[in-house]
Structures are given as structure tokens and as C-alpha cells.
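**Student:** run.cif is the file, holding mmCIF, C-alpha atoms (C1' of nucleotides):
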data_data
#
loop_
_atom_site.label_atom_id
_atom_site.label_comp_id
_atom_site.auth_asym_id
_atom_site.auth_seq_id
_atom_site.Cartn_x
_atom_site.Cartn_y
_atom_site.Cartn_z
CA MET A 1 -10.83 -0.26 14.12
CA GLN A 2 -10.65 -1.35 17.72
CA ALA A 3 -10.26 -4.98 16.81
CA ALA A 4 -7.54 -4.16 14.30
CA LEU A 5 -5.66 -1.96 16.73
CA ARG A 6 -5.71 -4.66 19.35
CA LEU A 7 -4.68 -7.47 17.04
CA PHE A 8 -1.92 -5.46 15.39
CA ALA A 9 -0.55 -4.64 18.80
CA GLU A 10 -0.81 -8.21 19.99
CA ARG A 11 0.64 -10.13 17.09
CA GLY A 12 1.85 -7.58 14.54
CA TYR A 13 0.52 -6.14 11.33
CA ASP A 14 1.65 -8.85 8.94
CA ALA A 15 0.54 -11.65 11.20
CA THR A 16 -2.96 -10.23 11.36
CA THR A 17 -5.23 -11.11 8.46
CA ILE A 18 -8.36 -9.31 7.44
CA GLU A 19 -10.21 -12.41 8.50
CA ASP A 20 -8.71 -12.20 11.98
CA ILE A 21 -9.97 -8.65 12.25
CA THR A 22 -13.42 -9.37 10.92
CA ASP A 23 -13.74 -12.41 13.15
CA ALA A 24 -12.88 -10.31 16.15
CA ALA A 25 -15.29 -7.61 15.07
CA ASP A 26 -17.95 -10.20 14.30
CA VAL A 27 -18.56 -9.26 10.68
CA ALA A 28 -17.83 -10.91 7.36
CA PRO A 29 -14.51 -10.31 5.63
CA ARG A 30 -16.24 -8.77 2.66
CA THR A 31 -17.79 -6.14 4.88
CA PHE A 32 -14.37 -4.88 5.83
CA PHE A 33 -13.85 -3.39 2.41
CA HIS A 34 -17.01 -1.39 2.55
CA TYR A 35 -15.57 0.66 5.33
CA PHE A 36 -11.86 0.66 4.60
CA ALA A 37 -10.31 0.83 1.18
CA SER A 38 -7.41 -1.35 2.27
CA LYS A 39 -5.92 -3.09 5.22
CA ASP A 40 -3.50 -0.27 5.93
CA GLU A 41 -6.28 2.28 6.24
CA VAL A 42 -8.19 0.49 8.93
CA LEU A 43 -6.68 2.66 11.65
CA PHE A 44 -7.64 5.85 9.85
CA GLY A 45 -11.35 5.43 9.41
CA GLY A 46 -13.31 8.64 9.11
CA GLN A 47 -10.22 10.77 8.67
CA ASP A 48 -11.33 12.04 5.31
CA ASP A 49 -14.56 13.51 6.55
CA ARG A 50 -12.99 15.12 9.56
CA ARG A 51 -10.23 16.60 7.48
CA GLU A 52 -12.63 18.04 4.97
CA ALA A 53 -14.62 19.67 7.71
CA LEU A 54 -11.49 21.12 9.19
CA ILE A 55 -10.28 22.48 5.88
CA GLN A 56 -13.61 24.05 5.22
CA ARG A 57 -13.63 25.78 8.57
CA PHE A 58 -10.09 26.95 7.95
CA GLY A 59 -11.25 28.40 4.65
CA GLU A 60 -13.87 30.44 6.43
CA GLU A 61 -11.66 31.58 9.27
CA VAL A 62 -8.81 32.67 7.08
CA GLU A 63 -10.99 35.33 5.53
CA HIS A 64 -11.43 37.15 8.79
CA GLN A 65 -8.08 36.58 10.42
CA PRO A 66 -4.41 36.72 9.65
CA VAL A 67 -3.21 33.58 7.92
CA GLU A 68 -0.89 32.57 10.74
CA VAL A 69 -3.65 32.75 13.29
CA ALA A 70 -6.16 30.77 11.27
CA LEU A 71 -3.50 28.22 10.50
CA GLN A 72 -2.55 27.82 14.12
CA ASN A 73 -6.17 27.41 15.11
CA ALA A 74 -6.72 24.71 12.53
CA LEU A 75 -3.66 22.73 13.53
CA LEU A 76 -4.37 23.07 17.22
CA THR A 77 -7.82 21.65 16.58
CA ILE A 78 -6.21 18.50 15.27
CA VAL A 79 -3.75 18.26 18.07
CA ASP A 80 -6.40 18.88 20.68
CA ALA A 81 -8.35 15.95 19.32
CA PHE A 82 -5.50 13.74 20.48
CA GLU A 83 -6.42 14.50 24.05
CA ASP A 84 -9.78 12.83 23.67
CA ASP A 85 -8.15 9.44 23.53
CA PRO A 86 -4.39 9.69 23.90
CA GLY A 87 -4.10 5.96 24.37
CA PHE A 88 -5.48 5.26 20.94
CA PHE A 89 -3.24 7.74 19.18
CA LEU A 90 -0.18 6.63 21.06
CA LYS A 91 -0.74 2.98 20.33
CA ARG A 92 -1.43 3.75 16.70
CA ALA A 93 1.76 5.78 16.49
CA GLN A 94 3.78 2.98 17.99
CA LEU A 95 2.32 0.63 15.42
CA TYR A 96 3.15 2.77 12.48
CA THR A 97 6.68 3.29 13.52
CA GLN A 98 6.97 -0.46 13.30
CA TRP A 99 5.16 -1.42 10.10
CA GLN A 100 5.68 0.41 6.88
CA PRO A 101 2.24 -0.05 5.35
CA LEU A 102 0.78 1.76 8.32
CA ARG A 103 3.45 4.41 8.07
CA SER A 104 2.55 4.95 4.45
CA ALA A 105 -1.03 5.45 5.43
CA VAL A 106 -0.10 8.22 7.86
CA LEU A 107 1.98 9.88 5.24
CA ARG A 108 -0.89 9.82 2.79
CA VAL A 109 -3.30 11.24 5.31
CA ASN A 110 -0.82 13.95 6.06
CA GLU A 111 -0.33 14.80 2.46
CA ALA A 112 -4.02 15.13 1.92
CA MET A 113 -3.97 17.65 4.74
CA VAL A 114 -1.24 19.65 3.07
CA ASP A 115 -3.12 19.58 -0.21
CA GLY A 116 -6.24 20.88 1.47
CA LEU A 117 -4.44 23.67 3.22
CA THR A 118 -2.61 24.56 0.02
CA GLU A 119 -5.81 24.96 -1.89
CA VAL A 120 -7.36 27.26 0.68
CA LEU A 121 -4.22 29.33 0.98
CA ALA A 122 -3.94 29.70 -2.77
CA LYS A 123 -7.49 30.92 -2.98
CA GLN A 124 -6.93 33.34 -0.15
CA LEU A 125 -3.72 34.69 -1.68
CA GLY A 126 -5.28 34.78 -5.09
CA VAL A 127 -2.53 32.81 -6.78
CA ASP A 128 -2.31 29.58 -8.73
CA PRO A 129 -0.97 26.88 -6.38
CA ARG A 130 0.60 25.04 -9.28
CA THR A 131 2.81 27.82 -10.46
CA GLU A 132 3.42 29.71 -7.23
CA LEU A 133 5.56 28.35 -4.43
CA ALA A 134 4.01 30.24 -1.55
CA PRO A 135 0.75 28.41 -0.79
CA ARG A 136 2.19 24.90 -0.77
CA LEU A 137 5.26 26.07 1.02
CA ILE A 138 3.27 27.62 3.82
CA ALA A 139 1.06 24.58 4.12
CA THR A 140 4.04 22.27 4.16
CA LEU A 141 5.84 24.27 6.80
CA ALA A 142 2.90 24.57 9.14
CA ASN A 143 1.95 20.96 8.75
CA GLY A 144 5.56 19.90 9.18
CA ALA A 145 5.78 21.82 12.41
CA MET A 146 2.73 20.05 13.72
CA ARG A 147 4.04 16.67 12.72
CA CYS A 148 7.34 17.28 14.47
CA ALA A 149 5.46 18.23 17.58
CA ILE A 150 3.41 15.07 17.38
CA ASP A 151 6.48 12.92 16.77
CA THR A 152 8.17 14.38 19.80
CA TRP A 153 5.07 13.86 21.87
CA VAL A 154 4.89 10.25 20.78
CA ALA A 155 8.56 9.75 21.58
CA SER A 156 7.86 11.02 25.06
CA GLY A 157 5.26 8.32 25.48
CA GLY A 158 2.54 10.93 25.73
CA LYS A 159 4.15 12.58 28.71
CA ALA A 160 5.04 15.84 26.96
CA ASP A 161 2.58 18.68 26.53
CA LEU A 162 1.48 18.26 22.94
CA ARG A 163 -0.27 21.58 22.67
CA ALA A 164 2.71 23.48 24.01
CA LEU A 165 5.06 21.63 21.67
CA THR A 166 2.88 22.49 18.72
CA VAL A 167 2.70 26.13 19.63
CA ARG A 168 6.46 26.23 20.00
CA ALA A 169 7.06 24.54 16.67
CA LEU A 170 4.64 26.86 14.92
CA HIS A 171 6.34 29.80 16.55
CA VAL A 172 9.67 28.71 15.13
CA VAL A 173 8.18 28.38 11.68
CA GLU A 174 6.33 31.65 11.73
CA PRO A 175 9.08 33.87 10.32
CA ALA A 176 9.27 31.62 7.28
CA ILE A 177 5.53 31.80 6.80
CA THR A 178 5.67 35.55 6.99
CA ALA A 179 8.45 35.59 4.45
CA ALA A 180 6.50 33.31 2.13
CA LEU A 181 3.41 35.46 2.50
CA SER A 182 5.16 38.65 1.52
CA SER A 183 7.02 36.98 -1.32
CA GLY A 184 3.98 35.14 -2.57
CA ARG A 185 1.28 37.75 -2.43
CA PRO A 186 0.84 39.30 -5.85
CA ARG A 187 1.17 43.07 -6.03
CA MET B 1 12.54 0.31 -14.31
CA GLN B 2 12.37 1.46 -17.90
CA ALA B 3 9.86 -1.18 -18.85
CA ALA B 4 7.72 -0.36 -15.85
CA LEU B 5 7.82 3.36 -16.52
CA ARG B 6 6.78 2.86 -20.10
CA LEU B 7 3.98 0.43 -19.33
CA PHE B 8 2.61 2.48 -16.46
CA ALA B 9 2.50 5.49 -18.74
CA GLU B 10 0.92 3.57 -21.57
CA ARG B 11 -1.80 1.68 -19.79
CA GLY B 12 -1.80 2.78 -16.17
CA TYR B 13 -0.44 1.40 -12.93
CA ASP B 14 -3.27 -0.96 -12.04
CA ALA B 15 -3.57 -2.32 -15.52
CA THR B 16 0.10 -3.29 -15.57
CA THR B 17 0.95 -6.58 -13.90
CA ILE B 18 4.33 -7.65 -12.68
CA GLU B 19 4.26 -10.22 -15.43
CA ASP B 20 3.76 -7.51 -18.03
CA ILE B 21 6.81 -5.73 -16.71
CA THR B 22 8.99 -8.80 -16.52
CA ASP B 23 7.89 -9.88 -19.98
CA ALA B 24 8.87 -6.52 -21.36
CA ALA B 25 12.18 -6.63 -19.50
CA ASP B 26 12.74 -10.22 -20.59
CA VAL B 27 13.21 -11.75 -17.15
CA ALA B 28 11.17 -14.12 -15.03
CA PRO B 29 8.52 -12.72 -12.69
CA ARG B 30 10.32 -14.14 -9.70
CA THR B 31 13.40 -12.12 -10.56
CA PHE B 32 11.47 -8.89 -10.17
CA PHE B 33 11.33 -9.34 -6.43
CA HIS B 34 15.06 -9.74 -6.12
CA TYR B 35 15.46 -6.15 -7.21
CA PHE B 36 12.34 -4.43 -5.96
CA ALA B 37 10.63 -5.12 -2.70
CA SER B 38 7.25 -4.37 -4.19
CA LYS B 39 5.53 -3.21 -7.32
CA ASP B 40 5.28 0.35 -6.11
CA GLU B 41 9.01 0.64 -5.60
CA VAL B 42 10.01 -0.30 -9.08
CA LEU B 43 10.41 3.33 -10.07
CA PHE B 44 12.69 4.04 -7.13
CA GLY B 45 15.41 1.49 -7.59
CA GLY B 46 18.75 2.36 -6.05
CA GLN B 47 17.34 5.30 -4.12
CA ASP B 48 18.42 3.89 -0.79
CA ASP B 49 22.08 3.67 -1.65
CA ARG B 50 22.19 7.11 -3.18
CA ARG B 51 20.44 8.61 -0.21
CA GLU B 52 22.79 7.00 2.26
CA ALA B 53 25.78 8.34 0.38
CA LEU B 54 24.27 11.80 0.34
CA ILE B 55 23.48 11.75 4.03
CA GLN B 56 26.97 10.62 4.84
CA ARG B 57 28.50 13.42 2.81
CA PHE B 58 26.16 15.87 4.49
CA GLY B 59 27.36 14.59 7.82
CA GLU B 60 30.92 15.37 6.88
CA GLU B 61 30.22 18.75 5.38
CA VAL B 62 28.16 20.00 8.25
CA GLU B 63 31.16 19.81 10.54
CA HIS B 64 33.06 22.38 8.57
CA GLN B 65 30.30 24.65 7.43
CA PRO B 66 27.25 26.43 8.76
CA VAL B 67 24.25 24.13 8.90
CA GLU B 68 22.25 26.14 6.38
CA VAL B 69 25.03 25.97 3.84
CA ALA B 70 25.63 22.25 4.18
CA LEU B 71 21.91 21.66 4.02
CA GLN B 72 21.51 23.70 0.89
CA ASN B 73 24.39 21.88 -0.76
CA ALA B 74 22.91 18.51 0.03
CA LEU B 75 19.49 19.38 -1.29
CA LEU B 76 20.85 21.03 -4.39
CA THR B 77 22.76 17.86 -5.11
CA ILE B 78 19.48 16.00 -5.27
CA VAL B 79 17.80 18.58 -7.37
CA ASP B 80 20.73 18.80 -9.74
CA ALA B 81 20.47 15.08 -10.36
CA PHE B 82 17.11 15.77 -11.94
CA GLU B 83 18.86 17.52 -14.79
CA ASP B 84 20.60 14.35 -15.84
CA ASP B 85 17.36 12.93 -17.12
CA PRO B 86 14.51 15.38 -16.66
CA GLY B 87 12.28 13.28 -18.87
CA PHE B 88 12.43 10.34 -16.51
CA PHE B 89 11.71 12.37 -13.41
CA LEU B 90 8.91 14.29 -15.05
CA LYS B 91 7.20 11.19 -16.33
CA ARG B 92 7.58 9.51 -12.96
CA ALA B 93 6.11 12.53 -11.25
CA GLN B 94 3.14 12.54 -13.56
CA LEU B 95 2.60 8.90 -12.76
CA TYR B 96 2.66 9.34 -9.05
CA THR B 97 0.23 12.18 -9.11
CA GLN B 98 -2.14 9.73 -10.73
CA TRP B 99 -1.72 6.50 -8.77
CA GLN B 100 -1.67 6.39 -5.04
CA PRO B 101 0.63 3.42 -4.53
CA LEU B 102 3.33 5.28 -6.41
CA ARG B 103 2.59 8.42 -4.46
CA SER B 104 3.05 6.46 -1.25
CA ALA B 105 6.42 5.29 -2.45
CA VAL B 106 7.58 8.86 -3.00
CA LEU B 107 6.39 9.83 0.42
CA ARG B 108 8.31 6.98 2.00
CA VAL B 109 11.47 7.85 0.14
CA ASN B 110 11.06 11.42 1.24
CA GLU B 111 10.55 10.48 4.82
CA ALA B 112 13.67 8.38 4.83
CA MET B 113 15.49 11.47 3.67
CA VAL B 114 14.10 13.52 6.53
CA ASP B 115 15.05 10.81 8.99
CA GLY B 116 18.59 10.76 7.68
CA LEU B 117 18.97 14.51 7.86
CA THR B 118 17.45 14.55 11.33
CA GLU B 119 19.96 12.09 12.64
CA VAL B 120 22.92 14.02 11.31
CA LEU B 121 21.56 17.32 12.58
CA ALA B 122 20.91 15.89 16.01
CA LYS B 123 24.46 14.62 16.23
CA GLN B 124 25.81 17.96 15.09
CA LEU B 125 23.69 19.90 17.58
CA GLY B 126 24.45 17.39 20.27
CA VAL B 127 20.84 16.76 21.20
CA ASP B 128 18.53 13.78 21.33
CA PRO B 129 16.33 13.86 18.22
CA ARG B 130 13.55 12.10 20.06
CA THR B 131 13.10 14.61 22.80
CA GLU B 132 14.19 17.80 21.06
CA LEU B 133 12.16 19.45 18.34
CA ALA B 134 14.95 21.26 16.55
CA PRO B 135 16.71 18.60 14.46
CA ARG B 136 13.60 17.06 12.98
CA LEU B 137 12.02 20.42 12.51
CA ILE B 138 14.97 21.74 10.55
CA ALA B 139 15.14 18.61 8.42
CA THR B 140 11.43 18.75 7.76
CA LEU B 141 11.51 22.39 6.78
CA ALA B 142 14.45 22.11 4.44
CA ASN B 143 13.15 18.97 2.84
CA GLY B 144 9.70 20.48 2.55
CA ALA B 145 11.11 23.47 0.77
CA MET B 146 12.82 21.23 -1.72
CA ARG B 147 9.71 19.22 -2.32
CA CYS B 148 7.65 22.32 -2.97
CA ALA B 149 10.22 23.45 -5.48
CA ILE B 150 10.09 20.09 -7.20
CA ASP B 151 6.30 20.05 -7.22
CA THR B 152 6.22 23.47 -8.81
CA TRP B 153 8.80 22.41 -11.36
CA VAL B 154 6.74 19.37 -12.23
CA ALA B 155 3.61 21.46 -12.55
CA SER B 156 5.46 23.65 -15.01
CA GLY B 157 6.15 20.60 -17.12
CA GLY B 158 9.86 20.95 -16.50
CA LYS B 159 9.95 24.45 -17.98
CA ALA B 160 10.76 26.24 -14.74
CA ASP B 161 14.28 26.55 -13.38
CA LEU B 162 14.34 23.89 -10.69
CA ARG B 163 17.57 24.99 -9.11
CA ALA B 164 16.42 28.60 -8.85
CA LEU B 165 13.10 27.51 -7.37
CA THR B 166 14.87 25.41 -4.77
CA VAL B 167 17.19 28.21 -3.80
CA ARG B 168 14.24 30.55 -3.46
CA ALA B 169 12.27 28.10 -1.34
CA LEU B 170 15.25 27.45 0.89
CA HIS B 171 15.78 31.17 1.23
CA VAL B 172 12.23 31.60 2.46
CA VAL B 173 12.69 28.85 5.00
CA GLU B 174 16.03 30.05 6.27
CA PRO B 175 14.78 32.36 9.00
CA ALA B 176 12.88 29.47 10.53
CA ILE B 177 15.95 27.27 10.42
CA THR B 178 17.95 29.95 12.13
CA ALA B 179 15.29 30.26 14.77
CA ALA B 180 15.25 26.54 15.31
CA LEU B 181 18.99 26.42 15.55
CA SER B 182 19.18 29.05 18.25
CA SER B 183 16.26 27.57 20.17
CA GLY B 184 17.50 24.04 19.82
CA ARG B 185 21.17 24.33 20.62
CA PRO B 186 21.76 23.53 24.23
CA ARG B 187 23.55 26.19 26.19
"C1'" DG C 1 -49.29 -3.19 10.71
"C1'" DT C 2 -47.94 -3.21 5.92
"C1'" DG C 3 -45.14 -2.24 2.04
"C1'" DC C 4 -41.52 -0.07 -0.33
"C1'" DA C 5 -36.95 1.83 -1.09
"C1'" DA C 6 -32.49 2.63 0.36
"C1'" DA C 7 -28.66 1.19 2.80
"C1'" DC C 8 -26.02 -2.38 4.82
"C1'" DT C 9 -24.10 -7.01 4.85
"C1'" DT C 10 -22.61 -11.08 2.89
"C1'" DG C 11 -20.91 -15.16 -0.25
"C1'" DC C 12 -18.73 -16.34 -4.20
"C1'" DT C 13 -15.50 -16.18 -7.73
"C1'" DG C 14 -11.21 -14.66 -9.56
"C1'" DC C 15 -7.00 -12.02 -10.19
"C1'" DT C 16 -2.62 -10.59 -8.68
"C1'" DA C 17 0.94 -9.19 -5.41
"C1'" DC C 18 4.19 -11.28 -2.76
"C1'" DT C 19 6.97 -15.07 -0.01
"C1'" DG C 20 9.87 -19.34 1.02
"C1'" DC C 21 12.30 -22.89 -0.70
"C1'" DA C 22 15.18 -25.14 -3.61
"C1'" DA C 23 17.05 -26.01 -8.14
"C1'" DA C 24 19.31 -24.48 -12.26
"C1'" DG C 25 22.21 -21.55 -14.68
"C1'" DT C 26 26.37 -18.51 -15.05
"C1'" DA C 27 30.60 -16.07 -14.36
"C1'" DA C 28 35.18 -15.72 -11.90
"C1'" DG C 29 39.19 -17.57 -9.94
"C1'" DC C 30 42.50 -21.09 -9.38
"C1'" DG D 1 38.22 -28.54 -15.55
"C1'" DC D 2 36.61 -27.70 -11.01
"C1'" DT D 3 35.05 -25.05 -7.11
"C1'" DT D 4 32.65 -21.15 -5.38
"C1'" DA D 5 29.65 -17.35 -5.26
"C1'" DC D 6 26.03 -14.98 -7.31
"C1'" DT D 7 22.01 -14.48 -10.31
"C1'" DT D 8 18.00 -16.19 -12.22
"C1'" DT D 9 14.22 -19.19 -12.24
"C1'" DG D 10 10.14 -22.49 -11.10
"C1'" DC D 11 6.80 -24.04 -8.00
"C1'" DA D 12 3.52 -23.89 -4.56
"C1'" DG D 13 1.02 -21.36 -1.33
"C1'" DT D 14 -0.99 -17.21 1.29
"C1'" DA D 15 -3.62 -13.22 1.41
"C1'" DG D 16 -5.23 -8.62 -0.22
"C1'" DC D 17 -8.70 -6.80 -2.87
"C1'" DA D 18 -12.53 -6.10 -6.62
"C1'" DG D 19 -17.12 -7.10 -9.09
"C1'" DC D 20 -21.37 -9.10 -8.94
"C1'" DA D 21 -25.55 -10.54 -7.13
"C1'" DA D 22 -28.32 -12.04 -3.44
"C1'" DG D 23 -29.91 -11.60 1.13
"C1'" DT D 24 -30.88 -8.68 5.25
"C1'" DT D 25 -31.85 -4.74 7.94
"C1'" DT D 26 -33.58 -0.07 8.55
"C1'" DG D 27 -36.33 4.15 7.86
"C1'" DC D 28 -40.35 5.99 6.36
"C1'" DA D 29 -45.06 6.64 4.26
"C1'" DC D 30 -49.42 5.13 4.34
#
Once you've parsed the file, please lay out its structure as C-alpha cells.

**Tutor:**
Amino acid sequence: MQAALRLFAERGYDATTIEDITDAADVAPRTFFHYFASKDEVLFGGQDDRREALIQRFGEEVEHQPVEVALQNALLTIVDAFEDDPGFFLKRAQLYTQWQPLRSAVLRVNEAMVDGLTEVLAKQLGVDPRTELAPRLIATLANGAMRCAIDTWVASGGKADLRALTVRALHVVEPAITAALSSGRPR
Amino acid sequence: MQAALRLFAERGYDATTIEDITDAADVAPRTFFHYFASKDEVLFGGQDDRREALIQRFGEEVEHQPVEVALQNALLTIVDAFEDDPGFFLKRAQLYTQWQPLRSAVLRVNEAMVDGLTEVLAKQLGVDPRTELAPRLIATLANGAMRCAIDTWVASGGKADLRALTVRALHVVEPAITAALSSGRPR
DNA sequence: GTGCAAACTTGCTGCTACTGCAAAGTAAGC
DNA sequence: GCTTACTTTGCAGTAGCAGCAAGTTTGCAC
């Protein structure tokens, strides 16, 4: 991941071959594909596991707390993780604004997040997520708010207060979530 | 596009080569890439032009109408287009729930839509979309609402009333848009 | 220290997506 | 009938990615 990030930044995504990356990381090209399903996922290693853990925790928390609160906690957990290594996330973000395959990867990761949240919310509300709007709508809104906050933070070059932005965005979205909750909860 | 849709449905995305498609469409393989940038975009031909036209019209309408109204009109235009050939859109949707490359293509198309809306909204609100949350947030919310409606329609096998679903979803989201508008408009 | 099993790493072979370049065909206008 | 612009095509090459099978390392029991 480090090698890929560096090389992409140095010479661009297209100009970097798998072999370049594996040479830099001192492994064989074939090994690459045991850890990353494709070239465009190299910057997102381990995401799946972390997301699953997060979703699971969200599933537990939402049983004891109002939906909005549990949701905010979950999303802030993600955002807070950015502070561990802002440089990495910033550089990655700059890369995926430039090269579409990387952008696609982010979008996929994000969608998986929404799917996870949707499932938990549906279970909690006791409705079928395929026929009812509410769960997916709530998940989409909350996740969208977070993404907007992140985008703005990235645009600021990491100078803005990501956590504050996220809280603000979620605050804006909250009335809609409330509306969805009351419309979606079966009587 | 037709050949691709049929073949993907018959034997799957991976199992269909470009050559299969071009054979079925009676053109040379090389010709394929003059019309579609990649295999995964074959089902989305012409999207770019249509989207640009829509965004432009939205830009004009939003000057004479409340944002929410113009936004709803724009999104309903998209959704209404589905009624021209529901079979095509349904089949395509089923395909992209099954194969990730196609799913990625949808996500990209969708994101381009959000970007377009964001730009127009930022201009209308007179703010910088890179430093202010509001424009992107509003675009994301409205677009998200539409997507949820579409997803639900697809899950119903096209039986549900797509337009009604979209209106409902947008209605749920409206309070958040209003909130964003009042928080985002500079004094 | 030895031996076994599981996990990790690698090489090889092959298919296919995709690109650049340049030629061939084709339709439109004069 | 000729020029011009556009579309279609062929060819040759690069690189992503998968399956298979062999080699290597690691963890653990004895």
C-alpha cells in the first residue's frame, strides 16, 4: 500500500504498473493479487474487515440508543480514524480525484458502507429493506453527510476540522432522518 | 448496447467478451472503443450528453424557482425517462446488482450527476462548493433520495410507482434541504 | 530438535481489456 | 468525378488478472 501510494503520487496511476509496485515492495507480482483483488483496490486494503466490525458494533449500539445517536457515533468513528494518519488519507484523496479507477474504488467502498448500514437499520425498524424506502434512505443520507464533510475537509487540504464538519453535516440531515423514521416505522 | 445487454443477461458479464458483443452487433472489435471507453460503460452510452443537458436546464430553472422545486423537476425528469423503456432499465439494474464492474459504472454516472448539481447550486447560492458544505450536501441528499426510490422500484420488479416513490423520498429529504439552504446561504 | 500441516509466496501460462497508429472505406458537398 | 470529413477497421503491443502447481515459511505438537 505504501509503495503504491508513493508511486501513484510520483508518476501517476496509469504510469505505475503492478510490477513497479511489487518491485518497490520487494515481492513478486503474483503475490500482489493475494492481497488486493485488483490494482484499483490497493489503497483500500483491509477496509472490508474494518467496515464489518464497525457495522456490527453499530448493530449492537442501535438497540440501546436512538438511531440518530448510534448513527452519529458510527460515522464519527470513521472520521476520527482519519486523524491517525491524515497525510495518508489526504494523499489518497488527492489521487482519487485525479484517476477514475481509484475514484470508482472509493465509491464502491462507500456503497458497501451504505448497504451495511441499511441492513442494520432495516432489522432495527423491523421492515424489509427491499420494499421500504426508510432504511436505505436513512443510511444514504447519513453516509452522504459524512462524505460531504470529508470532501470539504480534503478540499481544505486537511486544515478544516473534520469532526466539526461531520457533526454539522449530520445535524443538517437530522430532520430528514427523523422524518424517514416516523414514516418508515410500521405501526 | 442491445447486444451487450442481451449477452450479459444470457451468459454473464465476465463470460461475455468484447468480441462476443461486436460479433453480435456486426462490427469490428476495434470499433467498440470508438463508442464506449470501456467494457463496463457499454450499458451507459450517451449518458454524458443527456446529463449535461439536464444540468444546464436545471441551471436555468433554478433562477426562477425555489431550489427544491427546480431540483424535484430535474430529478423527476430522469425518473420519468425510465418509463420510456422500463424493461431496459430493469434488466440493466439486475445486471449491475450482480457484477461489480457494472455497479461501478452506475456509481460513477451517479457521482457525475451530483457534481453537476453541486456546481449549479453553488453558483446559485453564491458560495464556493469546495469550502462550503451546503451545495454538495443538498445535491447529495436529493440525488440519494432519487437513487433510493429507484432501488426500491427495481426491487419491486418494476411494479411499484417510481414517480410516487421519488416524490415521497424527496419529500422526506426536504426539511434537510431547507436546513442546508438556510445554513449555507451567506448573509 | 524433528516432523507435520497450514499459510504464504512465487513462476508460469494464457486470456482479454484496452491503446496508438495508420489505412481503408463511405457519405456529403461542390 | 473529386475533395473532404467522418466512420470503421486491422495490426501490433502493453498490462491487468486468473488458475494451477510447486516451493517456502511459519506455528505447533511431540

**Student:** Give the residues of chain B that lie within 8 Å of chain C; count only C-alpha atoms (C1' of nucleotides), and format the answer as a PyMOL selection string.

**Tutor:** chain B and resi 17+38-39

**Student:** Once the PyMOL selection byres ((chain A) within 10 of (chain B)) has been applied to the shown file, what residues remain in the selection, as a PyMOL selection string?

**Tutor:** chain A and resi 100-101+103-108+111+129-156+160+165-166+168-181+183

**Student:** Only C-alpha atoms, please: the residues just picked out, written as a compact mmCIF listing (two decimals), in the frame of the given file.

**Tutor:**
# COMPACT_ATOMS: atom_id res chain seq x y z
CA GLN A 100 5.68 0.41 6.88
CA PRO A 101 2.24 -0.05 5.35
CA ARG A 103 3.45 4.41 8.07
CA SER A 104 2.55 4.95 4.45
CA ALA A 105 -1.03 5.45 5.43
CA VAL A 106 -0.10 8.22 7.86
CA LEU A 107 1.98 9.88 5.24
CA ARG A 108 -0.89 9.82 2.79
CA GLU A 111 -0.33 14.80 2.46
CA PRO A 129 -0.97 26.88 -6.38
CA ARG A 130 0.60 25.04 -9.28
CA THR A 131 2.81 27.82 -10.46
CA GLU A 132 3.42 29.71 -7.23
CA LEU A 133 5.56 28.35 -4.43
CA ALA A 134 4.01 30.24 -1.55
CA PRO A 135 0.75 28.41 -0.79
CA ARG A 136 2.19 24.90 -0.77
CA LEU A 137 5.26 26.07 1.02
CA ILE A 138 3.27 27.62 3.82
CA ALA A 139 1.06 24.58 4.12
CA THR A 140 4.04 22.27 4.16
CA LEU A 141 5.84 24.27 6.80
CA ALA A 142 2.90 24.57 9.14
CA ASN A 143 1.95 20.96 8.75
CA GLY A 144 5.56 19.90 9.18
CA ALA A 145 5.78 21.82 12.41
CA MET A 146 2.73 20.05 13.72
CA ARG A 147 4.04 16.67 12.72
CA CYS A 148 7.34 17.28 14.47
CA ALA A 149 5.46 18.23 17.58
CA ILE A 150 3.41 15.07 17.38
CA ASP A 151 6.48 12.92 16.77
CA THR A 152 8.17 14.38 19.80
CA TRP A 153 5.07 13.86 21.87
CA VAL A 154 4.89 10.25 20.78
CA ALA A 155 8.56 9.75 21.58
CA SER A 156 7.86 11.02 25.06
CA ALA A 160 5.04 15.84 26.96
CA LEU A 165 5.06 21.63 21.67
CA THR A 166 2.88 22.49 18.72
CA ARG A 168 6.46 26.23 20.00
CA ALA A 169 7.06 24.54 16.67
CA LEU A 170 4.64 26.86 14.92
CA HIS A 171 6.34 29.80 16.55
CA VAL A 172 9.67 28.71 15.13
CA VAL A 173 8.18 28.38 11.68
CA GLU A 174 6.33 31.65 11.73
CA PRO A 175 9.08 33.87 10.32
CA ALA A 176 9.27 31.62 7.28
CA ILE A 177 5.53 31.80 6.80
CA THR A 178 5.67 35.55 6.99
CA ALA A 179 8.45 35.59 4.45
CA ALA A 180 6.50 33.31 2.13
CA LEU A 181 3.41 35.46 2.50
CA SER A 183 7.02 36.98 -1.32

**Student:** Please identify all polymer residues within 10 Å of B:Thr16, counting all atoms listed in the file, omitting same-chain residues fewer than 5 positions from it, and present them as an MDAnalysis selection string.

**Tutor:** chainID B and resid 4 7:11 21 39

**Student:** On this file, the PyMOL selection byres ((chain D) within 12 of (chain B)) gives some set of residues; write that set as a ChimeraX atom specification.

**Tutor:** /D:7-11,18

**Student:** Can you work out the spacing between atom CA of A:Asp49 and atom CA of A:Asn110 in Å, to one decimal?

**Tutor:**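 So the answer is 13.8 Å.
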
**Student:** Rebuild stretch 76-86 of chain A to N, CA and C atoms - output it as a CSV table (one decimal), keeping the file's coordinate frame, please.

**Tutor:**
chain,number,residue,atom,x,y,z
A,76,LEU,N,-4.1,23.4,15.8
A,76,LEU,CA,-4.4,23.1,17.2
A,76,LEU,C,-5.6,22.2,17.4
A,77,THR,N,-6.6,22.5,16.5
A,77,THR,CA,-7.8,21.6,16.6
A,77,THR,C,-7.5,20.2,16.4
A,78,ILE,N,-6.6,19.9,15.5
A,78,ILE,CA,-6.2,18.5,15.3
A,78,ILE,C,-5.5,18.0,16.5
A,79,VAL,N,-4.6,18.7,16.9
A,79,VAL,CA,-3.8,18.3,18.1
A,79,VAL,C,-4.6,18.1,19.3
A,80,ASP,N,-5.5,19.0,19.5
A,80,ASP,CA,-6.4,18.9,20.7
A,80,ASP,C,-7.2,17.6,20.7
A,81,ALA,N,-7.6,17.2,19.4
A,81,ALA,CA,-8.4,16.0,19.3
A,81,ALA,C,-7.6,14.8,19.9
A,82,PHE,N,-6.3,14.8,19.9
A,82,PHE,CA,-5.5,13.7,20.5
A,82,PHE,C,-5.8,13.5,22.0
A,83,GLU,N,-6.2,14.6,22.6
A,83,GLU,CA,-6.4,14.5,24.0
A,83,GLU,C,-7.7,13.7,24.4
A,84,ASP,N,-8.6,13.6,23.4
A,84,ASP,CA,-9.8,12.8,23.7
A,84,ASP,C,-9.5,11.4,24.0
A,85,ASP,N,-8.5,10.8,23.3
A,85,ASP,CA,-8.2,9.4,23.5
A,85,ASP,C,-6.7,9.2,23.3
A,86,PRO,N,-5.8,9.8,24.1
A,86,PRO,CA,-4.4,9.7,23.9
A,86,PRO,C,-3.9,8.3,23.7
